[in-house]
Every structure is written in C-alpha cells, then in structure tokens.
>>> print(open('input.cif').read())   # mmCIF, C-alpha atoms
data_coords
#
loop_
_atom_site.label_atom_id
_atom_site.label_comp_id
_atom_site.auth_asym_id
_atom_site.auth_seq_id
_atom_site.Cartn_x
_atom_site.Cartn_y
_atom_site.Cartn_z
CA MET A 11 -10.75 25.14 30.46
CA ARG A 12 -7.16 24.11 31.09
CA HIS A 13 -5.80 20.75 30.00
CA SER A 14 -3.42 18.46 31.83
CA PRO A 15 0.29 19.10 31.04
CA ARG A 16 1.66 17.55 27.87
CA PRO A 17 4.69 15.24 27.87
CA ALA A 18 8.07 16.98 27.53
CA ALA A 19 9.27 17.47 23.96
CA PHE A 20 12.34 15.87 22.58
CA ARG A 21 15.24 18.08 23.61
CA THR A 22 16.96 17.79 20.26
CA VAL A 23 13.83 18.89 18.44
CA THR A 24 13.43 21.96 20.63
CA LEU A 25 17.07 22.92 20.21
CA LEU A 26 16.84 22.51 16.45
CA ALA A 27 13.69 24.62 16.26
CA ALA A 28 15.34 27.26 18.42
CA GLY A 29 18.39 27.27 16.17
CA LEU A 30 16.22 27.71 13.09
CA ALA A 31 14.36 30.59 14.69
CA LEU A 32 17.62 32.29 15.73
CA ALA A 33 19.05 31.82 12.25
CA LEU A 34 15.98 33.46 10.80
CA ALA A 35 16.29 36.40 13.18
CA ALA A 36 19.99 36.82 12.37
CA ALA A 37 19.23 36.94 8.67
CA LEU A 38 16.85 39.89 9.06
CA PRO A 39 18.02 43.50 9.07
CA ALA A 40 18.46 44.75 12.62
CA ALA A 41 15.74 47.38 12.30
CA ALA A 42 13.20 45.08 10.62
CA PRO A 43 10.28 43.80 12.71
CA PRO A 44 9.71 40.03 12.85
CA VAL A 45 7.92 38.79 9.78
CA ILE A 46 6.13 36.04 11.71
CA ALA A 47 5.43 36.06 15.45
CA LEU A 48 6.13 32.73 17.11
CA SER A 49 7.35 31.30 20.38
CA LEU A 50 8.79 27.94 21.33
CA THR A 51 6.96 25.74 23.82
CA ASP A 52 7.92 22.60 25.70
CA THR A 53 6.37 20.47 22.95
CA GLY A 54 6.65 22.53 19.78
CA VAL A 55 5.98 25.98 18.39
CA LEU A 56 3.15 28.49 18.87
CA PHE A 57 2.35 30.76 15.93
CA HIS A 58 0.80 34.01 17.12
CA ASP A 59 -1.94 36.20 15.70
CA ILE A 60 -3.09 34.12 12.75
CA ALA A 61 -6.01 35.90 11.10
CA LEU A 62 -8.95 33.60 10.47
CA ARG A 63 -11.18 36.32 9.07
CA PRO A 64 -11.38 40.11 9.48
CA GLY A 65 -11.26 40.94 13.18
CA VAL A 66 -10.78 37.30 14.23
CA ALA A 67 -7.37 35.91 15.16
CA VAL A 68 -5.91 32.92 17.01
CA ASP A 69 -2.62 31.52 18.27
CA LEU A 70 -2.01 28.09 16.76
CA HIS A 71 0.17 25.41 18.32
CA VAL A 72 2.04 22.72 16.40
CA THR A 73 3.33 19.80 18.47
CA VAL A 74 6.66 18.58 17.11
CA MET A 75 7.12 14.82 17.23
CA GLY A 76 10.43 13.49 15.92
CA ASP A 77 13.13 14.92 13.68
CA VAL A 78 12.09 18.15 11.97
CA ASP A 79 15.10 17.76 9.68
CA SER A 80 13.49 14.62 8.23
CA LYS A 81 12.77 14.72 4.52
CA ALA A 82 9.39 13.12 5.16
CA CYS A 83 7.64 15.36 7.69
CA GLN A 84 3.88 14.90 7.98
CA VAL A 85 1.50 17.62 9.10
CA ALA A 86 -1.38 15.96 10.94
CA VAL A 87 -4.84 17.43 11.57
CA HIS A 88 -6.89 15.84 14.35
CA GLY A 89 -10.58 15.04 14.41
CA GLY A 90 -13.19 16.58 16.65
CA PRO A 91 -13.28 17.07 19.55
CA TRP A 92 -9.75 15.64 19.73
CA THR A 93 -6.34 17.33 20.06
CA ALA A 94 -2.90 17.07 18.48
CA GLU A 95 -1.86 14.61 21.20
CA THR A 96 -4.11 11.94 19.65
CA TRP A 97 -1.45 11.67 16.92
CA ARG A 98 1.28 10.67 19.39
CA PRO A 99 0.46 6.90 19.37
CA TYR A 100 0.61 7.02 15.55
CA PHE A 101 3.98 8.79 15.68
CA GLU A 102 5.37 6.25 18.14
CA ALA A 103 4.20 3.36 15.93
CA LEU A 104 5.64 5.08 12.85
CA ARG A 105 8.99 5.56 14.56
CA ALA A 106 9.03 1.93 15.72
CA ALA A 107 8.42 0.79 12.14
CA GLU A 108 10.67 3.21 10.25
CA GLY A 109 13.31 4.43 12.70
CA ASP A 110 14.15 7.82 14.14
CA ASP A 111 14.09 9.67 10.81
CA VAL A 112 10.35 10.36 11.01
CA CYS A 113 8.49 13.54 11.80
CA VAL A 114 4.89 14.34 12.67
CA LEU A 115 3.87 17.96 13.11
CA ALA A 116 0.49 17.78 14.81
CA VAL A 117 -1.68 20.89 14.58
CA ASP A 118 -4.05 21.89 17.36
CA LEU A 119 -7.05 23.47 15.65
CA PRO A 120 -8.31 26.75 17.17
CA GLY A 121 -9.51 26.27 20.75
CA HIS A 122 -8.07 22.75 20.95
CA GLY A 123 -5.10 21.53 22.96
CA LEU A 124 -2.45 24.25 23.20
CA SER A 125 -3.99 26.56 20.59
CA SER A 126 -5.90 29.57 21.87
CA VAL A 127 -9.56 30.31 21.49
CA PRO A 128 -10.17 33.06 18.93
CA THR A 129 -10.27 36.75 19.64
CA GLY A 130 -13.08 38.76 18.05
CA ILE A 131 -15.71 36.01 18.38
CA VAL A 132 -16.45 33.26 20.85
CA PHE A 133 -15.17 29.75 20.18
CA GLY A 134 -18.66 28.45 19.40
CA GLN A 135 -18.95 30.82 16.40
CA LEU A 136 -16.07 29.25 14.46
CA LEU A 137 -16.75 27.51 11.16
CA MET A 138 -15.07 24.73 9.20
CA ASP A 139 -13.79 27.46 6.89
CA ASP A 140 -11.83 28.92 9.81
CA TYR A 141 -10.17 25.55 10.37
CA VAL A 142 -9.15 25.47 6.71
CA THR A 143 -7.63 28.94 7.04
CA ALA A 144 -5.78 27.81 10.16
CA VAL A 145 -4.22 24.75 8.53
CA LEU A 146 -3.16 26.64 5.41
CA ALA A 147 -1.61 29.33 7.62
CA VAL A 148 0.37 26.69 9.53
CA LEU A 149 1.74 25.23 6.29
CA GLU A 150 2.77 28.70 5.17
CA ARG A 151 4.40 29.65 8.45
CA LEU A 152 6.29 26.39 8.85
CA ASP A 153 7.95 27.13 5.54
CA GLN A 154 8.50 30.86 5.98
CA SER A 155 9.60 30.95 9.61
CA LEU A 156 11.30 27.60 10.23
CA ASP A 157 12.16 26.47 6.69
CA ILE A 158 10.21 23.24 7.25
CA GLU A 159 8.52 21.92 4.13
CA PRO A 160 6.33 18.90 4.95
CA ARG A 161 5.61 16.49 2.14
CA THR A 162 2.49 14.86 3.59
CA LEU A 163 -0.77 16.25 4.97
CA VAL A 164 -2.82 13.82 7.08
CA GLY A 165 -6.34 14.38 8.39
CA HIS A 166 -8.46 12.21 10.69
CA SER A 167 -12.26 12.35 10.70
CA LEU A 168 -13.23 16.05 10.77
CA GLY A 169 -9.57 16.80 10.02
CA GLY A 170 -9.93 14.80 6.81
CA THR A 171 -12.69 17.12 5.69
CA VAL A 172 -10.47 20.09 6.53
CA VAL A 173 -7.81 18.64 4.20
CA GLN A 174 -10.39 18.18 1.42
CA MET A 175 -11.68 21.72 1.85
CA ALA A 176 -8.13 23.11 1.87
CA GLN A 177 -7.41 21.47 -1.47
CA GLN A 178 -10.74 22.74 -2.84
CA ARG A 179 -10.01 26.30 -1.73
CA LEU A 180 -6.59 26.27 -3.36
CA VAL A 181 -7.91 24.73 -6.57
CA ASP A 182 -10.58 27.43 -6.73
CA GLN A 183 -7.73 29.94 -6.53
CA GLY A 184 -5.87 28.29 -9.39
CA SER A 185 -3.45 26.52 -7.07
CA SER A 186 -3.29 23.28 -5.06
CA LEU A 187 -1.57 21.77 -2.05
CA GLU A 188 1.24 20.67 -4.35
CA LYS A 189 1.63 24.01 -6.12
CA ALA A 190 1.36 26.15 -2.99
CA PHE A 191 3.24 24.00 -0.45
CA ASP A 192 4.87 21.16 -2.39
CA ILE A 193 2.66 18.62 -0.61
CA SER A 194 3.25 15.38 -2.48
CA GLU A 195 0.69 13.28 -0.59
CA ALA A 196 -2.55 13.67 1.34
CA ILE A 197 -3.86 10.90 3.59
CA LEU A 198 -7.45 10.86 4.82
CA VAL A 199 -8.00 8.58 7.84
CA ALA A 200 -11.62 7.68 8.62
CA SER A 201 -12.51 10.97 6.99
CA ASP A 202 -15.94 12.54 7.00
CA TYR A 203 -17.60 13.04 3.61
CA PRO A 204 -18.56 16.02 1.46
CA ARG A 205 -22.13 16.42 0.26
CA GLU A 206 -21.41 14.61 -3.01
CA VAL A 207 -20.69 11.30 -1.22
CA PRO A 208 -23.50 9.32 0.46
CA TRP A 209 -23.11 9.10 4.24
CA ALA A 210 -25.57 6.78 5.99
CA PHE A 211 -24.92 8.14 9.48
CA VAL A 212 -26.02 11.60 8.35
CA ASP A 213 -28.41 10.86 5.48
CA SER A 214 -30.47 8.49 7.65
CA GLY A 215 -31.16 11.27 10.14
CA ALA A 216 -29.25 9.47 12.92
CA ALA A 217 -26.53 12.10 13.28
CA GLY A 218 -28.74 14.96 14.45
CA PRO A 219 -30.09 13.34 17.63
CA VAL A 220 -26.72 11.79 18.52
CA ILE A 221 -24.87 15.09 18.19
CA GLY A 222 -27.70 17.06 19.78
CA SER A 223 -27.36 15.08 23.00
CA PHE A 224 -23.87 16.52 23.46
CA ILE A 225 -24.59 20.19 22.69
CA VAL A 226 -24.11 22.53 25.65
CA ASP A 227 -24.11 26.30 26.06
CA ASP A 228 -20.83 27.16 27.74
CA PRO A 229 -20.75 30.65 29.33
CA GLN A 230 -17.25 31.36 27.98
CA LEU A 231 -17.07 29.25 24.81
CA GLY A 232 -20.62 29.55 23.50
CA ALA A 233 -22.63 26.71 21.96
CA ILE A 234 -20.39 23.67 21.59
CA MET A 235 -20.52 19.89 21.25
CA ARG A 236 -18.85 18.46 24.35
CA ILE A 237 -18.22 14.72 24.55
CA PRO A 238 -16.94 13.95 28.06
CA ALA A 239 -14.04 11.54 28.47
CA GLU A 240 -16.40 9.05 30.12
CA ALA A 241 -18.27 8.70 26.81
CA TRP A 242 -15.19 8.29 24.60
CA PRO A 243 -14.78 4.50 24.94
CA ALA A 244 -18.33 3.85 23.73
CA PHE A 245 -18.22 6.64 21.15
CA PHE A 246 -14.82 6.12 19.53
CA PHE A 247 -13.46 2.71 20.59
CA THR A 248 -16.38 0.30 20.31
CA ASN A 249 -16.72 -1.92 17.23
CA LEU A 250 -19.83 -2.83 15.28
CA ALA A 251 -20.49 -5.77 17.61
CA GLY A 252 -20.69 -3.38 20.54
CA GLU A 253 -17.36 -4.56 21.99
CA LEU A 254 -14.75 -2.27 23.50
CA VAL A 255 -11.59 -3.01 21.51
CA ASP A 256 -8.21 -3.92 22.95
CA GLY A 257 -5.97 -0.92 23.46
CA ALA A 258 -8.82 1.50 24.06
CA PRO A 259 -7.77 4.13 26.59
CA THR A 260 -9.73 4.54 29.80
CA PRO A 261 -11.50 7.84 30.51
CA GLN A 262 -8.73 8.74 32.96
CA GLU A 263 -6.04 7.97 30.38
CA ILE A 264 -7.91 10.08 27.83
CA VAL A 265 -7.74 13.04 30.22
CA ASP A 266 -4.19 12.42 31.43
CA ARG A 267 -2.83 12.13 27.89
CA GLY A 268 -4.50 15.36 26.81
CA TYR A 269 -6.64 13.80 24.09
CA VAL A 270 -9.90 15.59 24.78
CA ALA A 271 -10.60 19.20 23.76
CA PRO A 272 -13.07 21.49 25.57
CA GLY A 273 -15.51 20.82 22.77
CA GLU A 274 -16.29 21.47 19.11
CA PRO A 275 -18.17 24.58 17.99
CA GLU A 276 -21.80 23.76 17.29
CA LEU A 277 -21.55 25.62 13.98
CA VAL A 278 -18.52 23.55 12.95
CA ILE A 279 -20.44 20.34 13.58
CA ALA A 280 -23.56 21.67 11.90
CA GLN A 281 -21.57 22.67 8.81
CA LEU A 282 -19.69 19.35 8.76
CA LEU A 283 -22.93 17.33 8.89
CA GLY A 284 -25.18 19.68 6.90
CA LEU A 285 -27.46 20.36 9.87
CA PRO A 286 -29.37 23.65 10.37
CA PRO A 287 -28.54 26.44 9.71
CA PHE A 288 -26.59 24.77 6.88
CA ALA A 289 -28.54 23.29 3.99
CA ALA A 290 -25.89 20.70 3.11
CA ARG A 291 -22.44 19.43 3.96
CA PRO A 292 -19.38 21.17 2.47
CA SER A 293 -18.95 20.62 -1.25
CA VAL A 294 -15.76 19.18 -2.74
CA ASP A 295 -15.40 18.78 -6.52
CA ALA A 296 -15.03 15.42 -8.19
CA GLY A 297 -11.39 14.78 -9.08
CA VAL A 298 -10.09 17.57 -6.86
CA PHE A 299 -7.06 15.38 -6.06
CA ASP A 300 -6.46 14.45 -9.69
CA ASP A 301 -3.18 16.37 -9.63
CA ASP A 302 0.38 15.88 -8.44
CA THR A 303 -0.64 15.21 -4.82
CA ARG A 304 -1.19 11.50 -4.34
CA LEU A 305 -4.26 10.74 -2.22
CA ARG A 306 -4.67 7.72 0.01
CA VAL A 307 -7.97 7.17 1.80
CA VAL A 308 -7.94 4.91 4.88
CA ALA A 309 -11.08 3.34 6.32
CA TYR A 310 -11.78 0.78 9.07
CA ASP A 311 -14.31 -2.00 8.59
CA ASN A 312 -15.62 -1.77 12.18
CA ASP A 313 -16.05 2.00 12.27
CA GLY A 314 -19.67 2.79 13.10
CA PHE A 315 -19.53 6.34 11.71
CA ILE A 316 -17.45 6.02 8.55
CA LEU A 317 -18.25 2.87 6.57
CA LEU A 318 -15.72 1.09 4.39
CA GLY A 319 -17.87 1.11 1.26
CA GLU A 320 -18.72 4.79 1.67
CA SER A 321 -15.03 5.62 1.99
CA GLN A 322 -14.36 3.81 -1.25
CA GLY A 323 -16.90 6.15 -2.80
CA LEU A 324 -15.05 9.10 -1.27
CA TYR A 325 -11.77 7.94 -2.79
CA ILE A 326 -13.31 7.50 -6.24
CA HIS A 327 -15.02 10.89 -6.01
CA LEU A 328 -11.84 12.74 -5.08
CA THR A 329 -9.47 10.97 -7.47
CA GLY A 330 -11.54 9.55 -10.32
CA ASP A 331 -9.71 6.25 -9.79
CA ALA A 332 -12.32 3.49 -9.92
CA SER A 333 -9.58 0.86 -9.51
CA LEU A 334 -9.13 1.92 -5.86
CA ALA A 335 -5.37 1.73 -6.34
CA CYS A 336 -4.60 3.90 -3.32
CA PHE A 337 -7.57 3.06 -1.14
CA VAL A 338 -6.45 1.46 2.13
CA GLY A 339 -8.88 -0.74 4.03
CA VAL A 340 -7.93 -1.76 7.57
CA LEU A 341 -9.82 -4.91 8.51
CA GLY A 342 -10.63 -6.73 11.72
CA PRO A 343 -12.85 -6.53 14.81
CA GLY A 344 -10.27 -4.37 16.58
CA THR A 345 -10.71 -1.48 14.16
CA THR A 346 -12.85 1.51 15.16
CA HIS A 347 -13.03 5.22 14.50
CA GLY A 348 -10.21 5.68 17.00
CA THR A 349 -7.79 3.01 15.75
CA GLN A 350 -4.93 5.51 15.42
CA VAL A 351 -5.01 5.65 19.25
CA SER A 352 -6.06 2.11 20.23
CA ASP A 353 -4.03 0.20 17.63
CA PRO A 354 -1.78 2.68 15.79
CA SER A 355 0.44 -0.08 14.41
CA ALA A 356 -2.53 -1.35 12.38
CA LEU A 357 -2.77 2.06 10.70
CA VAL A 358 0.99 2.34 10.15
CA ASP A 359 1.26 -1.20 8.79
CA ALA A 360 -1.65 -0.65 6.39
CA LEU A 361 -0.14 2.57 5.07
CA ARG A 362 3.27 0.96 4.68
CA SER A 363 1.76 -1.93 2.73
CA ALA A 364 0.21 0.56 0.30
CA ASP A 365 3.16 2.94 0.16
CA GLY A 366 3.98 2.03 -3.43
CA CYS A 367 0.45 2.46 -4.79
CA GLU A 368 0.12 4.33 -8.06
CA VAL A 369 -2.82 5.63 -10.02
CA ASP A 370 -2.61 5.39 -13.82
CA GLY A 371 -0.88 8.54 -15.03
CA ASP A 372 1.17 9.11 -11.87
CA ASP A 373 4.42 8.25 -13.65
CA GLU A 374 3.71 10.87 -16.31
CA ASP A 375 2.96 13.46 -13.62
CA GLU A 376 6.21 12.66 -11.84
CA ASP A 377 8.17 13.02 -15.10
CA GLU A 378 6.55 16.42 -15.64
CA ASP A 379 7.46 17.42 -12.08
CA ASP A 380 11.07 16.41 -12.66
CA GLU A 381 11.16 18.50 -15.82
CA ASP A 382 9.68 21.48 -13.96
CA ASP A 383 12.26 21.09 -11.17
CA ASP A 384 15.06 20.98 -13.76
CA ASP A 385 13.71 24.15 -15.38
CA GLU A 386 13.65 25.89 -11.98
CA ASP A 387 17.24 24.80 -11.30
CA ASP A 388 18.32 26.17 -14.68
CA ASP A 389 16.69 29.50 -13.85
#
>>> encode(input="input.cif", output="structure tokens")
Amino acid sequence: MRHSPRPAAFRTVTLLAAGLALALAAALPAAAPPVIALSLTDTGVLFHDIALRPGVAVDLHVTVMGDVDSKACQVAVHGGPWTAETWRPYFEALRAAEGDDVCVLAVDLPGHGLSSVPTGIVFGQLLMDDYVTAVLAVLERLDQSLDIEPRTLVGHSLGGTVVQMAQQRLVDQGSSLEKAFDISEAILVASDYPREVPWAFVDSGAAGPVIGSFIVDDPQLGAIMRIPAEAWPAFFFTNLAGELVDGAPTPQEIVDRGYVAPGEPELVIAQLLGLPPFAARPSVDAGVFDDDTRLRVVAYDNDGFILLGESQGLYIHLTGDASLACFVGVLGPGTTHGTQVSDPSALVDALRSADGCEVDGDDEDEDEDDEDDDDEDDD
C-alpha cells in the first residue's frame, strides 16, 4: 500500500544532512566500501539493509524535523498503527514554544510510513523485539553515519513500550541507553505497560475483542491489525465522556497528512497485549531507568486506553521514585490518547513545566558523569 506524499523537508536540513554524508564519504579511503548504506529523501534519511534478525532486513526511514545541528535532538518513536508524521504537530508546537533550535528525528518503524516492509518474512510476522532492534540500529547509525547524537528518546503508546524494551535489552547486556548512546532522557507519552504494571484495558479482557475486530489477513502483508482512517476519531480522539475533542483530525486529514500506516502486525499486537500465542506482556525490570537517563512519563486523564493512575504505577515501577517527581499528568476534557496530534501544545507545555524535575540522587549522578567526562578528556 502506498501512502500520500509527505510534505517537503526543510531545505536547510536536507543540505546539512547531505553535507554530513559527503564529509563522511570524503573521510573514507577511496577503495573502502561504505560503512553504512543510506540515501537522502525529500523529508529525511533512509538507512538501508538493517538486519532485524538472521535473514530478515529492512530499510528504515527517519523524518528530519528542524535543525539537526541542535544540541537537543529528540528521536521519536510513534505508536501503532501510526507513522512518523504523527510527530509533526508536536514538533511544530515545540518550535513555536522554544524557537528554531529544536530537532525531532521521527522514526518510521518497519512497514510504516516511508520505511520498507521486511525482506525474509512477511510484515505480519514481525515482533516487538524487531522494533526494538530497529530503533537501536537507528540510534547507532545516526551517530556513526551522520554524527548526530540525540539526547532524548521519546515513545508514544506502543512506541513507549519499544523504548522500555530497548533499555531492558541494553541493561541485560551490561549497558544502557545512556552508556551506549549518551541518551540523557527518555519520555514515555501515553505508553503501554509491561506485564509488571496492572492495565485495566487488557487485564479486564476488553482488549482482545476490540483488537480482534480489526484483524485482517492481507494477501501481501499477512495477518495485521488495520484500523481504517474512518475509525480513528472514535478510537484515538474521543474522551471518556464520548466526545470528539477539539483539534481532532478528520478521516480525510488523517490520510492526507500520512498519519495512518497499512496496519500493525498481529504478532506485534499480541505480544504487546499478552494475547495468544504470548502468555504475557513484555517484561521490564523494576528500576530499569534508575540510572543516568532521566525518565518522564506523560499520561492524559481522558485517555480511555492508558489511565492516569496506571501510568503513575508505570513511572514508579521503572524509576523506583514513589514521589512521582518526574511524572507528568496532562489534565482536561480535551486530552485523549492522540493529544500529541489534536492538541500538541498541551503536551509541549506540560513537558516544559516539568523540565526541571529531579529525582533524589540525580545531582550525585550528574556529578559522577561530569567526573567521567573529565577523565575521558584527560585520556
């Protein structure tokens, strides 16, 4: 399935990315093959042949929004079945609030937006673990090929679980987002929950029938969850009172703006929700973000899928901070699961109001980081 064309990229961003790529090529010996295969697109960069698992590869697109030379670039991971373009309203609101020196690098997960479907398997056979591999590969390639080192990793909904699982995978390997990629902050926006955190939508048994009504068997993509644009207003932009919120896009706008992906692999959704063939949702250790990466968890009080109180439990589970110092609640009848699209300024304003939050012990961690940086400089 082809999507409608994306808006043209900022010319300065494209030129800068091209200059970085040319500088990289010039620095290599003439006879050496390219270390990383990439190509520039109208809206960003496409990384080629990223291995998700043995025999399975994908081309991953990153949409560049803003100034890649910014010292505060954010890598953003969309929810399902959304695309990178759903981060554009957030970027525009962020730029309006903070000026032109902002940067959002929005990843299209495999088979979404401008990223390719995988080779070696059909789209419907992908797992959440493949999404984790994809995001970690993007972080690595941004650094190695374009010398871009983002400081923030943001995930919405399913993308929030991808961020949690990425940190868990790195911790299991003796590393972390901070140690591997110098990520100083992670932000989870209306994030789904690991098995250790109660989730009423799933635990009540409501999720299975709701999701099941959208499962289709596509002849090219395999078994997928497909939510048509016509269903998006009710699904993502309706509050707990059953009201469509102000700013909600129409089905035609959802299509024209490139928000909707062809679908989400059935296995991805089953793994995310702990539905058969999976016995439980993905597991994430308590305190997995009790390191040098600050975690903020954002939740909306009129989100019908991700409840405010449950998200507080998620924050405590991941950080061990019962004071909720960096938990960000966004209140009001206009908040829904899709607030980053319908009212992005509400999200930006809430994050800005909590920008100075600190968990007890953060100052000590920062002092240790400064000492480590000084040691590296001395070396």
>>> closest_residue(input="input.cif", among="A:Leu137, A:Leu285, A:Leu328, A:Ala335", to="Gly297 of chain A", atoms="only C-alpha atoms")
A:Leu328
>>> resolve_selection(input="input.cif", expression="the PyMOL selection byres ((chain A and resi 239) around 8)", output="ChimeraX atom specification")
/A:237-238,240-243,261-262,264-265,270
>>> resolve_selection(input="input.cif", expression="the PyMOL selection byres ((chain A and resi 61-72) around 9)", output="PyMOL selection string")
chain A and resi 48+51+53-60+73-74+85+94+115-121+123-131+139-144+147-148
>>> resolve_selection(input="input.cif", expression="the PyMOL selection byres ((chain A and resi 160-176) around 8)", output="PyMOL selection string")
chain A and resi 81-90+138-139+141-143+145-146+149+158-159+177-180+187+192-204+282+292-294
>>> closest_residue(input="input.cif", among="A:Pro229, A:Gly284, A:Gly257, A:Pro275", to="Thr346 of chain A", atoms="only C-alpha atoms")
A:Gly257
>>> atom_distance(input="input.cif", atom1="atom CA of Val220 of chain A", atom2="atom CA of Trp97 of chain A")
25.3 Å
>>> residues_around(input="input.cif", residues="Tyr325 of chain A", least_positions_apart="4", cutoff="9 Å", atoms="only C-alpha atoms", output="list in words")
Leu305, Arg306, Val307, Glu320, Ser321, Thr329, Gly330, Asp331, Ala332, Leu334, Cys336 and Phe337 of chain A
>>> closest_residue(input="input.cif", among="A:Asp313, A:Glu188, A:Asp256, A:Glu206", to="Ser352 of chain A", atoms="only C-alpha atoms")
A:Asp256
>>> atom_distance(input="input.cif", atom1="atom CA of Leu104 of chain A", atom2="atom CA of Leu357 of chain A")
9.2 Å
>>> residues_near_point(input="input.cif", point="(-20.9, 6.2, 9.7)", cutoff="7 Å", atoms="only C-alpha atoms", output="list in words")
Trp209, Ala210, Phe211, Asp313, Gly314, Phe315, Ile316 and Leu317 of chain A
>>> residues_near_point(input="input.cif", point="(11.3, 13.1, 16.9)", cutoff="8 Å", atoms="all atoms listed in the file", output="list in words")
Phe20, Val23, Val74, Met75, Gly76, Asp77, Val78, Asp110, Asp111, Val112, Cys113 and Val114 of chain A
>>> closest_residue(input="input.cif", among="A:Val132, A:Val181, A:Leu361, A:Ala356", to="Glu274 of chain A", atoms="all atoms listed in the file")
A:Val132
>>> atom_distance(input="input.cif", atom1="atom CA of Ala360 of chain A", atom2="atom CA of Asp79 of chain A")
25.1 Å
>>> closest_residue(input="input.cif", among="A:Gln135, A:Ser363, A:Gln230, A:Ser355", to="Phe101 of chain A", atoms="all atoms listed in the file")
A:Ser355
>>> closest_residue(input="input.cif", among="A:Glu150, A:Asp52, A:Asp311, A:Asp370", to="Thr349 of chain A", atoms="all atoms listed in the file")
A:Asp311
>>> decode(input="input.cif", residues="segment 43-60 of chain A", atoms="N, CA, C and O atoms", output="tab-separated table (two decimals), in the first residue's frame")
chain	number	residue	atom	x	y	z
A	43	PRO	N	34.69	0.36	0.98
A	43	PRO	CA	33.24	0.39	0.73
A	43	PRO	C	32.56	1.22	1.80
A	43	PRO	O	33.10	1.42	2.89
A	44	PRO	N	31.35	1.73	1.53
A	44	PRO	CA	30.63	2.49	2.55
A	44	PRO	C	30.38	1.64	3.79
A	44	PRO	O	30.02	0.47	3.70
A	45	VAL	N	30.60	2.24	4.94
A	45	VAL	CA	30.37	1.52	6.19
A	45	VAL	C	28.88	1.32	6.41
A	45	VAL	O	28.43	0.27	6.84
A	46	ILE	N	28.09	2.35	6.11
A	46	ILE	CA	26.65	2.32	6.32
A	46	ILE	C	25.96	2.79	5.04
A	46	ILE	O	26.29	3.85	4.51
A	47	ALA	N	25.02	2.00	4.55
A	47	ALA	CA	24.28	2.37	3.34
A	47	ALA	C	23.11	3.25	3.72
A	47	ALA	O	22.29	2.89	4.56
A	48	LEU	N	23.05	4.43	3.10
A	48	LEU	CA	21.94	5.34	3.35
A	48	LEU	C	21.68	6.16	2.11
A	48	LEU	O	22.52	6.26	1.22
A	49	SER	N	20.51	6.74	2.05
A	49	SER	CA	20.18	7.68	0.97
A	49	SER	C	19.32	8.78	1.55
A	49	SER	O	18.59	8.58	2.52
A	50	LEU	N	19.44	9.97	0.97
A	50	LEU	CA	18.65	11.10	1.40
A	50	LEU	C	17.31	11.10	0.69
A	50	LEU	O	17.23	10.75	-0.48
A	51	THR	N	16.27	11.50	1.40
A	51	THR	CA	14.94	11.59	0.82
A	51	THR	C	14.46	13.04	0.93
A	51	THR	O	15.15	13.89	1.49
A	52	ASP	N	13.28	13.31	0.41
A	52	ASP	CA	12.74	14.67	0.49
A	52	ASP	C	12.50	15.11	1.93
A	52	ASP	O	12.49	16.31	2.23
A	53	THR	N	12.30	14.16	2.84
A	53	THR	CA	11.96	14.51	4.21
A	53	THR	C	12.96	14.02	5.25
A	53	THR	O	12.76	14.23	6.45
A	54	GLY	N	14.03	13.36	4.84
A	54	GLY	CA	14.97	12.87	5.83
A	54	GLY	C	16.01	11.95	5.26
A	54	GLY	O	16.59	12.22	4.20
A	55	VAL	N	16.23	10.84	5.93
A	55	VAL	CA	17.27	9.89	5.52
A	55	VAL	C	16.71	8.48	5.63
A	55	VAL	O	15.94	8.15	6.54
A	56	LEU	N	17.11	7.63	4.67
A	56	LEU	CA	16.69	6.23	4.64
A	56	LEU	C	17.92	5.36	4.85
A	56	LEU	O	18.86	5.38	4.05
A	57	PHE	N	17.94	4.61	5.95
A	57	PHE	CA	19.03	3.68	6.24
A	57	PHE	C	18.67	2.33	5.64
A	57	PHE	O	17.62	1.76	5.91
A	58	HIS	N	19.59	1.80	4.83
A	58	HIS	CA	19.32	0.58	4.08
A	58	HIS	C	19.83	-0.67	4.81
A	58	HIS	O	20.82	-0.62	5.54
A	59	ASP	N	19.13	-1.76	4.56
A	59	ASP	CA	19.60	-3.10	4.93
A	59	ASP	C	19.93	-3.24	6.41
A	59	ASP	O	20.98	-3.75	6.79
A	60	ILE	N	19.02	-2.83	7.25
A	60	ILE	CA	19.20	-3.02	8.69
A	60	ILE	C	18.70	-4.42	9.05
A	60	ILE	O	17.55	-4.77	8.79
